[in-house]
file my_file.cif (mmCIF, C-alpha atoms and all ligand atoms)
data_upload
#
loop_
_atom_site.group_PDB
_atom_site.id
_atom_site.type_symbol
_atom_site.label_atom_id
_atom_site.label_comp_id
_atom_site.auth_asym_id
_atom_site.auth_seq_id
_atom_site.Cartn_x
_atom_site.Cartn_y
_atom_site.Cartn_z
ATOM 1 C CA MET A 1252 -4.236 -1.449 23.358
ATOM 2 C CA PRO A 1253 -4.515 1.148 20.562
ATOM 3 C CA SER A 1254 -4.187 4.631 22.012
ATOM 4 C CA ILE A 1255 -6.319 7.698 21.403
ATOM 5 C CA SER A 1256 -4.496 10.422 19.515
ATOM 6 C CA SER A 1257 -7.046 12.336 17.429
ATOM 7 C CA VAL A 1258 -9.976 13.881 19.308
ATOM 8 C CA ALA A 1259 -12.777 15.826 17.593
ATOM 9 C CA ILE A 1260 -14.754 18.092 19.916
ATOM 10 C CA VAL A 1261 -18.078 19.045 18.369
ATOM 11 C CA GLY A 1262 -20.742 21.620 19.213
ATOM 12 C CA GLY A 1263 -23.687 23.040 17.323
ATOM 13 C CA THR A 1264 -24.910 19.664 16.095
ATOM 14 C CA HIS A 1265 -28.202 21.193 17.180
ATOM 15 C CA GLY A 1266 -28.101 24.888 16.333
ATOM 16 C CA ASN A 1267 -30.035 26.144 19.370
ATOM 17 C CA GLU A 1268 -27.945 24.329 22.008
ATOM 18 C CA LEU A 1269 -25.541 27.113 22.866
ATOM 19 C CA THR A 1270 -23.190 25.576 25.437
ATOM 20 C CA GLY A 1271 -21.256 23.501 22.920
ATOM 21 C CA ILE A 1272 -21.204 26.355 20.402
ATOM 22 C CA HIS A 1273 -19.595 28.739 22.910
ATOM 23 C CA LEU A 1274 -17.288 25.998 24.130
ATOM 24 C CA ILE A 1275 -16.023 25.138 20.624
ATOM 25 C CA ASN A 1276 -15.431 28.797 19.814
ATOM 26 C CA ASN A 1277 -13.574 29.272 23.090
ATOM 27 C CA LEU A 1278 -11.496 26.110 22.646
ATOM 28 C CA ALA A 1279 -10.557 27.225 19.139
ATOM 29 C CA GLY A 1280 -9.725 30.655 20.585
ATOM 30 C CA GLY A 1281 -7.429 29.130 23.204
ATOM 31 C CA ILE A 1282 -9.457 30.309 26.217
ATOM 32 C CA HIS A 1283 -9.477 26.876 27.882
ATOM 33 C CA SER A 1284 -6.323 24.806 28.155
ATOM 34 C CA LEU A 1285 -6.388 21.148 27.125
ATOM 35 C CA PRO A 1286 -3.915 18.294 27.657
ATOM 36 C CA ASP A 1287 -1.240 18.836 25.004
ATOM 37 C CA SER A 1288 -0.578 15.163 24.276
ATOM 38 C CA LEU A 1289 -3.700 14.857 22.108
ATOM 39 C CA ASP A 1290 -4.401 16.069 18.585
ATOM 40 C CA TYR A 1291 -7.606 18.138 18.584
ATOM 41 C CA SER A 1292 -10.037 19.318 15.980
ATOM 42 C CA PHE A 1293 -12.939 21.591 16.826
ATOM 43 C CA LEU A 1294 -16.125 21.578 14.804
ATOM 44 C CA ILE A 1295 -19.341 23.587 14.735
ATOM 45 C CA ALA A 1296 -21.346 20.842 13.071
ATOM 46 C CA ASN A 1297 -24.387 22.704 11.735
ATOM 47 C CA PRO A 1298 -23.428 26.358 11.153
ATOM 48 C CA ASP A 1299 -26.617 27.187 9.211
ATOM 49 C CA ALA A 1300 -28.793 25.954 12.084
ATOM 50 C CA VAL A 1301 -26.587 27.884 14.525
ATOM 51 C CA ALA A 1302 -27.055 31.061 12.469
ATOM 52 C CA ALA A 1303 -30.817 30.483 12.419
ATOM 53 C CA ASN A 1304 -30.860 29.572 16.159
ATOM 54 C CA THR A 1305 -32.833 26.446 15.371
ATOM 55 C CA ARG A 1306 -32.292 22.740 16.037
ATOM 56 C CA PHE A 1307 -31.979 21.912 12.321
ATOM 57 C CA ILE A 1308 -32.860 23.242 8.857
ATOM 58 C CA ASP A 1309 -34.457 20.180 7.185
ATOM 59 C CA VAL A 1310 -33.922 17.133 9.408
ATOM 60 C CA ASP A 1311 -32.162 16.384 12.702
ATOM 61 C CA LEU A 1312 -28.430 16.180 11.923
ATOM 62 C CA ASN A 1313 -27.892 13.914 14.917
ATOM 63 C CA ARG A 1314 -30.061 11.195 13.353
ATOM 64 C CA GLN A 1315 -28.314 11.094 9.938
ATOM 65 C CA PHE A 1316 -25.241 9.021 10.753
ATOM 66 C CA ALA A 1317 -26.661 5.559 10.140
ATOM 67 C CA LEU A 1318 -24.487 3.759 7.598
ATOM 68 C CA ASP A 1319 -27.257 3.581 4.974
ATOM 69 C CA ASN A 1320 -27.925 7.350 5.275
ATOM 70 C CA LEU A 1321 -24.245 8.058 4.786
ATOM 71 C CA ALA A 1322 -24.272 5.930 1.642
ATOM 72 C CA TYR A 1323 -27.096 7.884 -0.083
ATOM 73 C CA GLN A 1324 -26.117 9.430 -3.390
ATOM 74 C CA ALA A 1325 -28.029 12.599 -4.337
ATOM 75 C CA ASN A 1326 -30.570 14.154 -2.026
ATOM 76 C CA SER A 1327 -31.972 17.557 -1.243
ATOM 77 C CA LEU A 1328 -31.957 17.445 2.555
ATOM 78 C CA TYR A 1329 -29.445 19.899 3.972
ATOM 79 C CA GLU A 1330 -28.495 17.857 7.024
ATOM 80 C CA LEU A 1331 -28.193 14.589 5.112
ATOM 81 C CA ASN A 1332 -25.607 16.202 2.817
ATOM 82 C CA LEU A 1333 -23.965 17.822 5.821
ATOM 83 C CA ALA A 1334 -23.714 14.452 7.583
ATOM 84 C CA GLN A 1335 -21.887 13.029 4.572
ATOM 85 C CA THR A 1336 -19.474 15.987 4.567
ATOM 86 C CA ILE A 1337 -18.788 15.616 8.305
ATOM 87 C CA ASN A 1338 -18.401 11.867 7.895
ATOM 88 C CA ARG A 1339 -15.768 12.398 5.197
ATOM 89 C CA LYS A 1340 -13.993 14.915 7.430
ATOM 90 C CA ILE A 1341 -13.854 13.154 10.806
ATOM 91 C CA GLY A 1342 -14.997 9.613 9.883
ATOM 92 C CA PRO A 1343 -15.635 7.731 7.769
ATOM 93 C CA LYS A 1344 -17.794 5.739 10.108
ATOM 94 C CA ASP A 1345 -16.684 2.386 8.661
ATOM 95 C CA ASN A 1346 -12.981 3.251 9.009
ATOM 96 C CA PRO A 1347 -12.594 6.351 11.211
ATOM 97 C CA ARG A 1348 -9.604 8.666 11.119
ATOM 98 C CA THR A 1349 -10.731 10.209 14.441
ATOM 99 C CA ASP A 1350 -10.165 8.130 17.558
ATOM 100 C CA LEU A 1351 -12.677 9.901 19.791
ATOM 101 C CA VAL A 1352 -15.582 12.214 18.933
ATOM 102 C CA ILE A 1353 -17.033 14.228 21.822
ATOM 103 C CA ASP A 1354 -20.346 15.818 20.826
ATOM 104 C CA ILE A 1355 -21.719 18.435 23.214
ATOM 105 C CA HIS A 1356 -25.474 18.906 23.630
ATOM 106 C CA ASN A 1357 -27.953 20.710 25.834
ATOM 107 C CA THR A 1358 -31.295 19.516 27.073
ATOM 108 C CA THR A 1359 -34.208 21.499 28.443
ATOM 109 C CA SER A 1360 -34.651 18.633 30.936
ATOM 110 C CA ASN A 1361 -33.125 18.832 34.387
ATOM 111 C CA MET A 1362 -30.550 16.103 33.717
ATOM 112 C CA GLY A 1363 -27.535 17.990 35.032
ATOM 113 C CA ALA A 1364 -24.277 16.867 33.430
ATOM 114 C CA THR A 1365 -24.907 13.522 31.728
ATOM 115 C CA LEU A 1366 -22.374 11.401 29.871
ATOM 116 C CA ILE A 1367 -24.067 9.278 27.207
ATOM 117 C CA VAL A 1368 -22.146 6.226 26.018
ATOM 118 C CA LEU A 1369 -23.391 3.874 23.317
ATOM 119 C CA GLU A 1370 -21.478 0.726 24.182
ATOM 120 C CA SER A 1371 -20.599 -0.957 27.459
ATOM 121 C CA ASN A 1372 -16.950 -1.922 27.021
ATOM 122 C CA ASP A 1373 -13.993 -1.243 29.361
ATOM 123 C CA PHE A 1374 -12.976 1.987 27.626
ATOM 124 C CA TYR A 1375 -16.349 3.633 28.274
ATOM 125 C CA ARG A 1376 -16.852 2.019 31.666
ATOM 126 C CA ASN A 1377 -13.538 3.356 32.952
ATOM 127 C CA MET A 1378 -14.242 6.769 31.427
ATOM 128 C CA ALA A 1379 -17.571 6.856 33.254
ATOM 129 C CA ALA A 1380 -15.964 5.658 36.483
ATOM 130 C CA TYR A 1381 -13.264 8.342 36.257
ATOM 131 C CA LEU A 1382 -15.888 11.007 35.610
ATOM 132 C CA LYS A 1383 -18.041 9.856 38.563
ATOM 133 C CA GLN A 1384 -14.966 9.881 40.807
ATOM 134 C CA HIS A 1385 -14.049 13.456 39.904
ATOM 135 C CA MET A 1386 -17.522 14.848 39.256
ATOM 136 C CA PRO A 1387 -19.889 12.826 41.451
ATOM 137 C CA SER A 1388 -22.933 14.851 40.380
ATOM 138 C CA ALA A 1389 -22.556 13.639 36.786
ATOM 139 C CA HIS A 1390 -24.994 11.030 35.494
ATOM 140 C CA ILE A 1391 -23.928 8.115 33.334
ATOM 141 C CA LEU A 1392 -26.419 6.974 30.705
ATOM 142 C CA VAL A 1393 -25.770 3.843 28.636
ATOM 143 C CA GLU A 1394 -27.716 3.546 25.377
ATOM 144 C CA ASP A 1395 -26.611 0.158 24.113
ATOM 145 C CA GLU A 1396 -29.998 -1.106 22.924
ATOM 146 C CA VAL A 1397 -28.426 -1.382 19.469
ATOM 147 C CA SER A 1398 -24.766 -1.759 18.484
ATOM 148 C CA TYR A 1399 -22.483 1.272 18.282
ATOM 149 C CA LEU A 1400 -22.484 1.290 14.470
ATOM 150 C CA GLU A 1401 -26.282 1.026 14.292
ATOM 151 C CA HIS A 1402 -26.753 4.317 16.159
ATOM 152 C CA PRO A 1403 -27.528 7.317 13.919
ATOM 153 C CA TYR A 1404 -25.613 9.815 16.075
ATOM 154 C CA LEU A 1405 -22.846 12.085 14.806
ATOM 155 C CA CYS A 1406 -20.354 10.886 17.424
ATOM 156 C CA THR A 1407 -20.458 7.362 15.931
ATOM 157 C CA CYS A 1408 -18.301 8.470 13.014
ATOM 158 C CA GLY A 1409 -15.370 8.295 15.443
ATOM 159 C CA ARG A 1410 -13.694 5.031 16.506
ATOM 160 C CA TYR A 1411 -15.091 5.935 19.902
ATOM 161 C CA GLY A 1412 -17.887 8.453 20.340
ATOM 162 C CA ILE A 1413 -19.681 10.005 23.293
ATOM 163 C CA MET A 1414 -22.232 12.724 23.929
ATOM 164 C CA LEU A 1415 -22.215 15.222 26.763
ATOM 165 C CA GLU A 1416 -25.778 16.246 27.581
ATOM 166 C CA LEU A 1417 -26.108 19.316 29.796
ATOM 167 C CA GLY A 1418 -29.248 20.797 31.295
ATOM 168 C CA ALA A 1419 -31.569 22.188 32.190
ATOM 169 C CA GLN A 1420 -31.045 24.977 29.699
ATOM 170 C CA PRO A 1421 -33.654 26.544 27.430
ATOM 171 C CA GLN A 1422 -33.025 26.428 23.692
ATOM 172 C CA GLY A 1423 -31.211 29.531 22.461
ATOM 173 C CA VAL A 1424 -29.905 30.367 25.954
ATOM 174 C CA CYS A 1425 -26.461 29.818 27.492
ATOM 175 C CA ARG A 1426 -26.330 29.647 31.304
ATOM 176 C CA ALA A 1427 -22.983 30.234 33.027
ATOM 177 C CA ASP A 1428 -23.485 27.369 35.489
ATOM 178 C CA VAL A 1429 -24.219 24.906 32.682
ATOM 179 C CA TYR A 1430 -21.256 26.221 30.671
ATOM 180 C CA ALA A 1431 -18.960 25.681 33.684
ATOM 181 C CA GLN A 1432 -20.230 22.102 33.974
ATOM 182 C CA SER A 1433 -19.378 21.454 30.329
ATOM 183 C CA VAL A 1434 -15.817 22.715 30.823
ATOM 184 C CA GLU A 1435 -15.386 20.579 33.942
ATOM 185 C CA MET A 1436 -16.839 17.480 32.322
ATOM 186 C CA LEU A 1437 -14.764 17.797 29.149
ATOM 187 C CA GLY A 1438 -11.647 18.331 31.269
ATOM 188 C CA HIS A 1439 -12.173 15.112 33.228
ATOM 189 C CA ILE A 1440 -12.867 13.105 30.084
ATOM 190 C CA LEU A 1441 -9.646 14.315 28.474
ATOM 191 C CA GLU A 1442 -7.704 13.595 31.713
ATOM 192 C CA TYR A 1443 -9.051 10.068 31.490
ATOM 193 C CA VAL A 1444 -7.973 9.743 27.842
ATOM 194 C CA VAL A 1445 -4.433 10.806 28.795
ATOM 195 C CA LEU A 1446 -4.372 8.149 31.550
ATOM 196 C CA TYR A 1447 -5.699 5.572 29.088
ATOM 197 C CA ASN A 1448 -2.910 6.380 26.643
ATOM 198 C CA ARG A 1449 -0.333 6.002 29.409
ATOM 199 C CA GLU A 1450 -1.917 2.695 30.426
ATOM 200 C CA ALA A 1451 -2.313 4.313 33.850
ATOM 201 C CA VAL A 1452 -6.069 3.976 34.370
ATOM 202 C CA PRO A 1453 -6.606 2.830 37.965
ATOM 203 C CA GLU A 1454 -8.945 0.024 38.992
ATOM 204 C CA PHE A 1455 -12.412 1.360 39.756
ATOM 205 C CA GLY A 1456 -15.107 -0.138 41.931
ATOM 206 C CA GLY A 1457 -18.737 -0.215 40.885
ATOM 207 C CA PHE A 1458 -20.689 3.003 40.421
ATOM 208 C CA GLU A 1459 -24.236 4.048 39.657
ATOM 209 C CA ALA A 1460 -25.281 4.222 36.021
ATOM 210 C CA TYR A 1461 -28.496 4.173 33.999
ATOM 211 C CA ARG A 1462 -29.448 2.193 30.935
ATOM 212 C CA LEU A 1463 -32.094 3.424 28.483
ATOM 213 C CA LEU A 1464 -35.292 1.351 28.486
ATOM 214 C CA GLU A 1465 -37.991 3.068 26.412
ATOM 215 C CA VAL A 1466 -39.567 6.381 25.454
ATOM 216 C CA MET A 1467 -42.942 7.346 26.901
ATOM 217 C CA HIS A 1468 -45.388 9.370 24.795
ATOM 218 C CA PHE A 1469 -47.847 11.970 25.980
ATOM 219 C CA PRO A 1470 -51.428 10.714 26.234
ATOM 220 C CA LEU A 1471 -53.025 11.601 22.894
ATOM 221 C CA SER A 1472 -56.560 11.721 21.542
ATOM 222 C CA GLU A 1473 -57.467 9.949 18.304
ATOM 223 C CA GLU A 1474 -56.790 13.279 16.566
ATOM 224 C CA GLU A 1475 -53.322 13.219 18.201
ATOM 225 C CA LYS A 1476 -54.054 16.145 20.517
ATOM 226 C CA ILE A 1477 -52.257 16.066 23.859
ATOM 227 C CA LEU A 1478 -54.689 15.193 26.675
ATOM 228 C CA GLY A 1479 -52.429 15.757 29.665
ATOM 229 C CA LEU A 1480 -49.025 16.923 30.885
ATOM 230 C CA VAL A 1481 -46.057 15.396 32.670
ATOM 231 C CA HIS A 1482 -47.154 15.026 36.296
ATOM 232 C CA PRO A 1483 -45.700 17.662 38.675
ATOM 233 C CA ASN A 1484 -44.346 14.818 40.847
ATOM 234 C CA ILE A 1485 -41.829 13.899 38.168
ATOM 235 C CA GLN A 1486 -41.265 17.262 36.432
ATOM 236 C CA ASP A 1487 -37.625 18.418 36.954
ATOM 237 C CA ARG A 1488 -36.824 15.164 38.769
ATOM 238 C CA ASP A 1489 -34.775 13.523 36.042
ATOM 239 C CA PHE A 1490 -33.088 10.289 37.227
ATOM 240 C CA ALA A 1491 -35.327 10.077 40.332
ATOM 241 C CA VAL A 1492 -37.227 6.824 40.729
ATOM 242 C CA LEU A 1493 -40.733 6.300 39.340
ATOM 243 C CA GLU A 1494 -42.419 3.309 40.959
ATOM 244 C CA PRO A 1495 -45.225 1.260 39.410
ATOM 245 C CA GLY A 1496 -48.537 2.868 40.339
ATOM 246 C CA GLN A 1497 -47.115 6.374 40.815
ATOM 247 C CA PRO A 1498 -48.590 9.239 38.772
ATOM 248 C CA MET A 1499 -46.919 9.937 35.446
ATOM 249 C CA PHE A 1500 -49.330 12.284 33.646
ATOM 250 C CA LEU A 1501 -51.761 14.864 34.990
ATOM 251 C CA MET A 1502 -54.650 15.025 32.553
ATOM 252 C CA PHE A 1503 -56.335 18.308 31.673
ATOM 253 C CA ASP A 1504 -59.561 16.881 33.175
ATOM 254 C CA GLY A 1505 -57.792 16.543 36.558
ATOM 255 C CA SER A 1506 -57.345 12.766 36.494
ATOM 256 C CA CYS A 1507 -53.957 11.021 36.539
ATOM 257 C CA ILE A 1508 -52.358 8.306 34.482
ATOM 258 C CA ASN A 1509 -50.125 6.159 36.649
ATOM 259 C CA TYR A 1510 -47.041 4.299 35.561
ATOM 260 C CA ASP A 1511 -48.188 0.739 34.911
ATOM 261 C CA GLY A 1512 -44.822 -0.955 34.358
ATOM 262 C CA GLU A 1513 -43.610 -3.877 36.464
ATOM 263 C CA GLN A 1514 -40.311 -2.414 37.707
ATOM 264 C CA SER A 1515 -38.974 0.840 39.148
ATOM 265 C CA VAL A 1516 -37.708 3.129 36.391
ATOM 266 C CA TYR A 1517 -35.764 6.378 36.211
ATOM 267 C CA PRO A 1518 -37.312 9.010 33.929
ATOM 268 C CA HIS A 1519 -35.005 11.399 32.090
ATOM 269 C CA PHE A 1520 -35.293 13.794 29.149
ATOM 270 C CA ILE A 1521 -38.455 14.836 31.009
ATOM 271 C CA ASN A 1522 -40.388 17.376 28.933
ATOM 272 C CA GLU A 1523 -37.434 17.849 26.562
ATOM 273 C CA ALA A 1524 -38.524 20.654 24.210
ATOM 274 C CA ALA A 1525 -36.960 19.043 21.137
ATOM 275 C CA TYR A 1526 -39.072 15.914 21.550
ATOM 276 C CA LYS A 1527 -42.375 17.784 21.463
ATOM 277 C CA ALA A 1528 -42.819 17.117 17.730
ATOM 278 C CA SER A 1529 -42.673 13.369 18.321
ATOM 279 C CA ALA A 1530 -44.937 13.649 21.427
ATOM 280 C CA VAL A 1531 -42.248 12.066 23.605
ATOM 281 C CA ALA A 1532 -42.832 13.042 27.229
ATOM 282 C CA PHE A 1533 -39.738 11.378 28.699
ATOM 283 C CA ALA A 1534 -37.508 8.336 28.456
ATOM 284 C CA THR A 1535 -37.126 5.669 31.119
ATOM 285 C CA ALA A 1536 -33.966 3.990 32.337
ATOM 286 C CA ASP A 1537 -32.977 1.127 34.557
ATOM 287 C CA LYS A 1538 -30.447 1.910 37.315
ATOM 288 C CA PHE A 1539 -27.524 -0.472 37.759
ATOM 289 C CA ILE A 1540 -24.101 -0.704 39.326
ATOM 290 C CA TRP A 1541 -21.569 -0.671 36.505
HETATM 291 ZN ZN ZN B 1601 -28.733 18.184 21.042
#

call {"tool": "encode", "arguments": {"input": "my_file.cif", "output": "structure tokens", "more": "lines below"}}
Ligand SMILES: [Zn+2]
result
Amino acid sequence: MPSISSVAIVGGTHGNELTGIHLINNLAGGIHSLPDSLDYSFLIANPDAVAANTRFIDVDLNRQFALDNLAYQANSLYELNLAQTINRKIGPKDNPRTDLVIDIHNTTSNMGATLIVLESNDFYRNMAAYLKQHMPSAHILVEDEVSYLEHPYLCTCGRYGIMLELGAQPQGVCRADVYAQSVEMLGHILEYVVLYNREAVPEFGGFEAYRLLEVMHFPLSEEEKILGLVHPNIQDRDFAVLEPGQPMFLMFDGSCINYDGEQSVYPHFINEAAYKASAVAFATADKFIW
């Protein structure tokens, strides 16, 4: 079992998600103690976007880490060039020098502390189990609809890569309670990595987790104008069940659109501000015992 020695902790992949930015600066400044058996690097991924307090300058940095994007030669997009620089520094994705990349994000959705993993192998399953044991309020979200290497996320330039998603927090704001959750969550994940390296991970029973199903778009007119809003019954209730036939959108004319799927689903990223441009209202997940 190859151990984890190099860990890159990343914030500011999106420049207006302040928790990770403060956390990286504080980790680099020695304010929080970390297990000393690991070799850390700290990275503010998109400093220009951080300075501008915006998600990105040209394109979303956290969608530029597909292998074909990283292979582009010349281009004028700031974040595409930046992705290649980061990939050279902590990747490269096809042969990573970094064992684990932990990328810290905020969401405006009420998702609490959510660990996003992109593969469902034992390493991630036990990490999630350890986190649930020590931080039961945390949510575990598995996005394994494509393979690890096919994901375009920054964290995939590590041999292992995860995202911490913390909310609800408005863009450009840093809440103390959300910051404290990020410190706690990161601490448990690194405790787990130390146990993994010692081959001392205990056996875990099953625990609740969610698996991404699909994204749901706002109801739009032919001119692509929004015709309704996320229904109040699901607003702020990320990871609560939505049953077939229950209201999903409240239209401006007072009518409702109900969820017409066949199975119970668990909405999350509900009304995420960053997804407004793509008219995504929320994502759905399946709940399972992992
Ligand atoms: Zn983000």

call {"tool": "atom_distance", "arguments": {"input": "my_file.cif", "atom1": "atom CA of A:Pro1253", "atom2": "atom CA of A:Gly1412"}}
result
15.2 Å

call {"tool": "residues_near_ligand", "arguments": {"input": "my_file.cif", "ligand": "ligand ZN 1601 (chain B)", "cutoff": "9 Å", "atoms": "all atoms listed in the file", "output": "ChimeraX atom specification"}}
result
/A:1262-1268,1306,1313,1354-1358,1414,1416,1525

call {"tool": "residues_around", "arguments": {"input": "my_file.cif", "residues": "stretch 1464-1472 of chain A", "least_positions_apart": "3", "cutoff": "7 Å", "atoms": "only C-alpha atoms", "output": "ChimeraX atom specification"}}
result
/A:1475-1479,1530-1537

call {"tool": "closest_residue", "arguments": {"input": "my_file.cif", "among": "A:Phe1520, A:Phe1500, A:Phe1539, A:Tyr1291", "to": "A:Gln1420", "atoms": "only C-alpha atoms"}}
result
A:Phe1520

call {"tool": "resolve_selection", "arguments": {"input": "my_file.cif", "expression": "the PyMOL selection byres (((chain A and resi 1424) around 9) and not hetatm)", "output": "list in words"}}
result
Asn1267, Glu1268, Leu1269, Thr1270, Gln1420, Pro1421, Gln1422, Gly1423, Cys1425 and Arg1426 of chain A

call {"tool": "residues_around", "arguments": {"input": "my_file.cif", "residues": "A:Tyr1404", "least_positions_apart": "2", "cutoff": "10 Å", "atoms": "all atoms listed in the file", "output": "VMD selection string"}}
result
chain A and resid 1264 1311 to 1317 1334 1354 1369 1399 to 1402 1406 to 1408 1412 to 1414

call {"tool": "write_last_selection", "arguments": {"input": "my_file.cif", "atoms": "C-alpha atoms", "output": "compact mmCIF listing (two decimals), keeping the file's coordinate frame"}}
result
# COMPACT_ATOMS: atom_id res chain seq x y z
CA THR A 1264 -24.91 19.66 16.10
CA ASP A 1311 -32.16 16.38 12.70
CA LEU A 1312 -28.43 16.18 11.92
CA ASN A 1313 -27.89 13.91 14.92
CA ARG A 1314 -30.06 11.20 13.35
CA GLN A 1315 -28.31 11.09 9.94
CA PHE A 1316 -25.24 9.02 10.75
CA ALA A 1317 -26.66 5.56 10.14
CA ALA A 1334 -23.71 14.45 7.58
CA ASP A 1354 -20.35 15.82 20.83
CA LEU A 1369 -23.39 3.87 23.32
CA TYR A 1399 -22.48 1.27 18.28
CA LEU A 1400 -22.48 1.29 14.47
CA GLU A 1401 -26.28 1.03 14.29
CA HIS A 1402 -26.75 4.32 16.16
CA CYS A 1406 -20.35 10.89 17.42
CA THR A 1407 -20.46 7.36 15.93
CA CYS A 1408 -18.30 8.47 13.01
CA GLY A 1412 -17.89 8.45 20.34
CA ILE A 1413 -19.68 10.01 23.29
CA MET A 1414 -22.23 12.72 23.93

call {"tool": "atom_distance", "arguments": {"input": "my_file.cif", "atom1": "atom CA of A:Ala1380", "atom2": "atom CA of A:Leu1405"}}
result
23.6 Å

call {"tool": "residues_around", "arguments": {"input": "my_file.cif", "residues": "stretch 1435-1437 of chain A", "least_positions_apart": "6", "cutoff": "10 Å", "atoms": "only C-alpha atoms", "output": "number ranges by chain"}}
result
A: 1260, 1274, 1285, 1353, 1355, 1364-1366, 1382-1383, 1385-1386, 1389, 1415, 1417, 1429, 1443

call {"tool": "closest_residue", "arguments": {"input": "my_file.cif", "among": "A:Thr1359, A:Leu1446, A:Ala1431, A:Val1261", "to": "A:Tyr1526", "atoms": "all atoms listed in the file"}}
result
A:Thr1359

call {"tool": "closest_atom_pairs", "arguments": {"input": "my_file.cif", "of": "stretch 1337-1444 of chain A", "to": "stretch 1448-1455 of chain A", "cutoff": "12 Å", "atoms": "all atoms listed in the file", "output": "Markdown table"}}
result
| residue | atom | partner | partner_atom | distance |
| --- | --- | --- | --- | --- |
| A:Asp1350 | CA | A:Asn1448 | CA | 11.8 |
| A:Asp1373 | CA | A:Val1452 | CA | 10.7 |
| A:Phe1374 | CA | A:Val1452 | CA | 9.9 |
| A:Tyr1375 | CA | A:Val1452 | CA | 12.0 |
| A:Arg1376 | CA | A:Phe1455 | CA | 9.3 |
| A:Asn1377 | CA | A:Phe1455 | CA | 7.2 |
| A:Met1378 | CA | A:Val1452 | CA | 9.1 |
| A:Ala1379 | CA | A:Phe1455 | CA | 10.0 |
| A:Ala1380 | CA | A:Phe1455 | CA | 6.5 |
| A:Tyr1381 | CA | A:Phe1455 | CA | 7.9 |
| A:Leu1382 | CA | A:Phe1455 | CA | 11.1 |
| A:Lys1383 | CA | A:Phe1455 | CA | 10.3 |
| A:Gln1384 | CA | A:Phe1455 | CA | 9.0 |
| A:Leu1441 | CA | A:Asn1448 | CA | 10.6 |
| A:Glu1442 | CA | A:Asn1448 | CA | 10.0 |
| A:Tyr1443 | CA | A:Val1452 | CA | 7.4 |
| A:Val1444 | CA | A:Asn1448 | CA | 6.2 |

call {"tool": "write_last_selection", "arguments": {"input": "my_file.cif", "atoms": "C-alpha atoms", "output": "mmCIF file, in the coordinates of the input"}}
result
data_model
loop_
_atom_site.group_PDB
_atom_site.id
_atom_site.type_symbol
_atom_site.label_atom_id
_atom_site.label_comp_id
_atom_site.auth_asym_id
_atom_site.auth_seq_id
_atom_site.Cartn_x
_atom_site.Cartn_y
_atom_site.Cartn_z
ATOM 1 C CA ASP A 1350 -10.165 8.130 17.558
ATOM 2 C CA ASP A 1373 -13.993 -1.243 29.361
ATOM 3 C CA PHE A 1374 -12.976 1.987 27.626
ATOM 4 C CA TYR A 1375 -16.349 3.633 28.274
ATOM 5 C CA ARG A 1376 -16.852 2.019 31.666
ATOM 6 C CA ASN A 1377 -13.538 3.356 32.952
ATOM 7 C CA MET A 1378 -14.242 6.769 31.427
ATOM 8 C CA ALA A 1379 -17.571 6.856 33.254
ATOM 9 C CA ALA A 1380 -15.964 5.658 36.483
ATOM 10 C CA TYR A 1381 -13.264 8.342 36.257
ATOM 11 C CA LEU A 1382 -15.888 11.007 35.610
ATOM 12 C CA LYS A 1383 -18.041 9.856 38.563
ATOM 13 C CA GLN A 1384 -14.966 9.881 40.807
ATOM 14 C CA LEU A 1441 -9.646 14.315 28.474
ATOM 15 C CA GLU A 1442 -7.704 13.595 31.713
ATOM 16 C CA TYR A 1443 -9.051 10.068 31.490
ATOM 17 C CA VAL A 1444 -7.973 9.743 27.842
#

call {"tool": "resolve_selection", "arguments": {"input": "my_file.cif", "expression": "the PyMOL selection byres (((chain A and resi 1489) around 9) and not hetatm)", "output": "PyMOL selection string"}}
result
chain A and resi 1360-1363+1485-1488+1490-1492+1517-1521

call {"tool": "atom_distance", "arguments": {"input": "my_file.cif", "atom1": "atom CA of A:Asn1338", "atom2": "atom CA of A:Thr1305"}}
result
21.8 Å

call {"tool": "axis_aligned_box", "arguments": {"input": "my_file.cif", "around": "stretch 1501-1516 of chain A", "padding_each_side": "6 Å", "output": "AutoDock Vina command-line options"}}
result
--center_x -48.6 --center_y 7.2 --center_z 35.4 --size_x 33.9 --size_y 34.2 --size_z 19.5

call {"tool": "residues_around", "arguments": {"input": "my_file.cif", "residues": "A:Ile1508", "least_positions_apart": "6", "cutoff": "7 Å", "atoms": "only C-alpha atoms", "output": "PyMOL selection string"}}
result
chain A and resi 1498-1501

call {"tool": "closest_residue", "arguments": {"input": "my_file.cif", "among": "A:Leu1463, A:Asp1309, A:Arg1339, A:Ala1528", "to": "A:Asn1326", "atoms": "all atoms listed in the file"}}
result
A:Asp1309

call {"tool": "closest_residue", "arguments": {"input": "my_file.cif", "among": "A:Lys1340, A:Arg1462, A:His1482, A:His1273", "to": "A:Asn1522", "atoms": "only C-alpha atoms"}}
result
A:His1482

call {"tool": "decode", "arguments": {"input": "my_file.cif", "residues": "stretch 1303-1316 of chain A", "atoms": "C-alpha atoms", "output": "PDB file, in the first residue's frame"}}
result
ATOM      1  CA  ALA A1303     -10.570  40.907  -7.791  1.00  0.00           C
ATOM      2  CA  ASN A1304     -12.929  39.077  -5.360  1.00  0.00           C
ATOM      3  CA  THR A1305     -14.444  37.187  -8.261  1.00  0.00           C
ATOM      4  CA  ARG A1306     -14.889  33.495  -9.066  1.00  0.00           C
ATOM      5  CA  PHE A1307     -12.557  33.667 -12.086  1.00  0.00           C
ATOM      6  CA  ILE A1308     -11.043  36.119 -14.584  1.00  0.00           C
ATOM      7  CA  ASP A1309     -11.730  34.397 -17.943  1.00  0.00           C
ATOM      8  CA  VAL A1310     -13.011  30.869 -17.289  1.00  0.00           C
ATOM      9  CA  ASP A1311     -13.649  28.676 -14.241  1.00  0.00           C
ATOM     10  CA  LEU A1312     -10.241  27.401 -13.083  1.00  0.00           C
ATOM     11  CA  ASN A1313     -11.874  24.360 -11.509  1.00  0.00           C
ATOM     12  CA  ARG A1314     -13.035  23.116 -14.921  1.00  0.00           C
ATOM     13  CA  GLN A1315      -9.642  23.353 -16.698  1.00  0.00           C
ATOM     14  CA  PHE A1316      -7.943  20.196 -15.450  1.00  0.00           C
TER      15      PHE A1316
END
